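Chemist: Just passing along the structure, written as structure tokens.
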Amino acid sequence: DSAMEGAATTTKRKSKRHAISLTGNSGVASSQQSNALPMTLRSSVSEVYSDFTMSKMMAHNEEEKVEPRSEMTHKQPVSIGAVVALGVTKRLQIETGLVYTYLSSETKNISSDFNNSEKVQFHYLGVPVNVNYTLWSKNRVNLFATAGAMIEKDIAGKIKYNDEKDASKLNSGYANKKSSSINQKNPQLSVSAGLGVNYPIHDKASMFGRIGGRYYIDAKNEYKTYYSDEKFGMDIEVGIKFNF
């Protein structure tokens, strides 16, 4: 009987090393940059686009001095996912799963009576591989460190373009709006590290939170995003974990 009880206890302990988690993740801050010359989100045509847009501003301003204001904004990535953690030892887990991420970026080029803007939106799917290590544990509250990598590929993308001239001066204004589907050629690789806390809310369920940093390796893609321009970002992750 004692042997059977010991085996049952061992099985119970081992079973609770594994877990399925539902997570939500967001970057801490957006990325923003300003320039005196027109900017675009398309890497390959940056100089041509700048010259072309500047010439349009000069033509529309009709010999007035052109002082454009240009701004590029990358909103912080927002992710949701499901991951499975497999216990290697009592303190060490390896996890992997599937993560969806939404990215949005925008440029605005403005002069006195002419402006244009571009907005790109991407939907990514990624596969993370992380290693979690419990640093401290008491009353089932755990402090853990995590490190890992993730590979992502966009599954859908769209660019929206808006070109406008103010009609208030010579009744010659216009607005040109168009959109099209786009994609990034290369997958995106990133590495991450952080610290987190796991807090039990039920016998087999717990809440957790993690704060950390992620470095995005240059994928040399066509469209500029938070990944390409920010390189390093701080993020916060929260979720619920079901142990088994």
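Here's how to read the names in the structure tokens: chain A, B, ... by the order shown, residue numbers from 1 in each chain, ligand numbers from 1 in the order shown.
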Run DSSP on the backbone and give me the residues of chain A it puts in alpha helix (DSSP H), as a VMD selection string.

Modeler: chain A and resid 2 to 15 46 to 60 226 to 230

Chemist: Do you know which residues are at most 10 Å from stretch 135-139 of chain A counting only C-alpha atoms, after dropping those on the same chain fewer than 4 positions away, and could you put them as a PyMOL selection string?

Modeler: chain A and resi 91-92+143-145+195-200

Chemist: Write out, as a CSV table (one decimal), in the first residue's frame, the residues just selected, with N, CA, C and O atoms.

Modeler:
```csv
chain,number,residue,atom,x,y,z
A,91,ARG,N,11.9,22.2,-11.6
A,91,ARG,CA,12.0,23.7,-11.7
A,91,ARG,C,12.1,24.1,-13.2
A,91,ARG,O,11.9,25.3,-13.5
A,92,LEU,N,12.3,23.2,-14.1
A,92,LEU,CA,12.6,23.6,-15.5
A,92,LEU,C,11.5,23.1,-16.4
A,92,LEU,O,11.0,22.0,-16.4
A,143,LEU,N,8.3,32.5,-8.6
A,143,LEU,CA,9.0,33.5,-9.3
A,143,LEU,C,9.9,32.8,-10.3
A,143,LEU,O,10.6,31.9,-10.0
A,144,PHE,N,9.7,33.1,-11.6
A,144,PHE,CA,10.5,32.4,-12.6
A,144,PHE,C,11.2,33.3,-13.6
A,144,PHE,O,10.8,34.5,-13.8
A,145,ALA,N,12.2,32.8,-14.2
A,145,ALA,CA,12.9,33.4,-15.3
A,145,ALA,C,12.6,32.7,-16.6
A,145,ALA,O,12.4,31.5,-16.6
A,195,LEU,N,11.3,38.1,-16.6
A,195,LEU,CA,11.0,37.6,-15.2
A,195,LEU,C,9.5,37.6,-15.0
A,195,LEU,O,8.8,38.5,-15.5
A,196,GLY,N,8.9,36.6,-14.3
A,196,GLY,CA,7.5,36.5,-14.2
A,196,GLY,C,7.1,35.9,-12.8
A,196,GLY,O,8.0,35.3,-12.1
A,197,VAL,N,5.8,36.0,-12.5
A,197,VAL,CA,5.3,35.5,-11.2
A,197,VAL,C,4.1,34.7,-11.6
A,197,VAL,O,3.2,35.1,-12.4
A,198,ASN,N,4.0,33.5,-11.0
A,198,ASN,CA,2.8,32.6,-11.2
A,198,ASN,C,2.1,32.5,-9.8
A,198,ASN,O,2.7,32.2,-8.8
A,199,TYR,N,0.7,32.8,-9.9
A,199,TYR,CA,-0.1,32.8,-8.6
A,199,TYR,C,-1.3,31.9,-8.8
A,199,TYR,O,-2.0,32.0,-9.7
A,200,PRO,N,-1.4,30.9,-7.9
A,200,PRO,CA,-2.5,29.9,-8.0
A,200,PRO,C,-3.9,30.5,-7.7
A,200,PRO,O,-4.0,31.3,-6.8
```

Chemist: From the DSSP assignment of the backbone, select every residue of stretch 139-169 of chain A that is strand (DSSP E), and format the answer as a list in words.

Modeler: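 The strand (DSSP E) residues within stretch 139-169 of chain A come out as Val141, Asn142, Leu143, Phe144, Ala145, Thr146, Ala147, Gly148, Ala149, Met150, Ile151, Glu152, Lys153, Asp154, Ile155, Ala156, Gly157, Lys158, Ile159, Lys160, Tyr161, Asn162, Asp163, Glu164 and Lys165 of chain A.
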
Chemist: Measuring atom to atom with only C-alpha atoms, identify which of A:Gly157, A:Glu152, A:Lys90, A:Asn243 is nearest to A:Ile217.

Modeler: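 Ranked by minimum distance to A:Ile217, first place goes to A:Glu152.
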
Chemist: Using only C-alpha atoms, which residues sit within 7 Å of A:Tyr223 once same-chain residues fewer than 4 positions away are excluded, as a ChimeraX atom specification?

Modeler: /A:41-43,184

Chemist: Using only C-alpha atoms, pick whichever of A:Asn115, A:Ser179, A:Asn25, A:Ser55 has the shortest atom-to-atom distance to A:Pro77.

Modeler: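 Closest candidate: A:Asn25.
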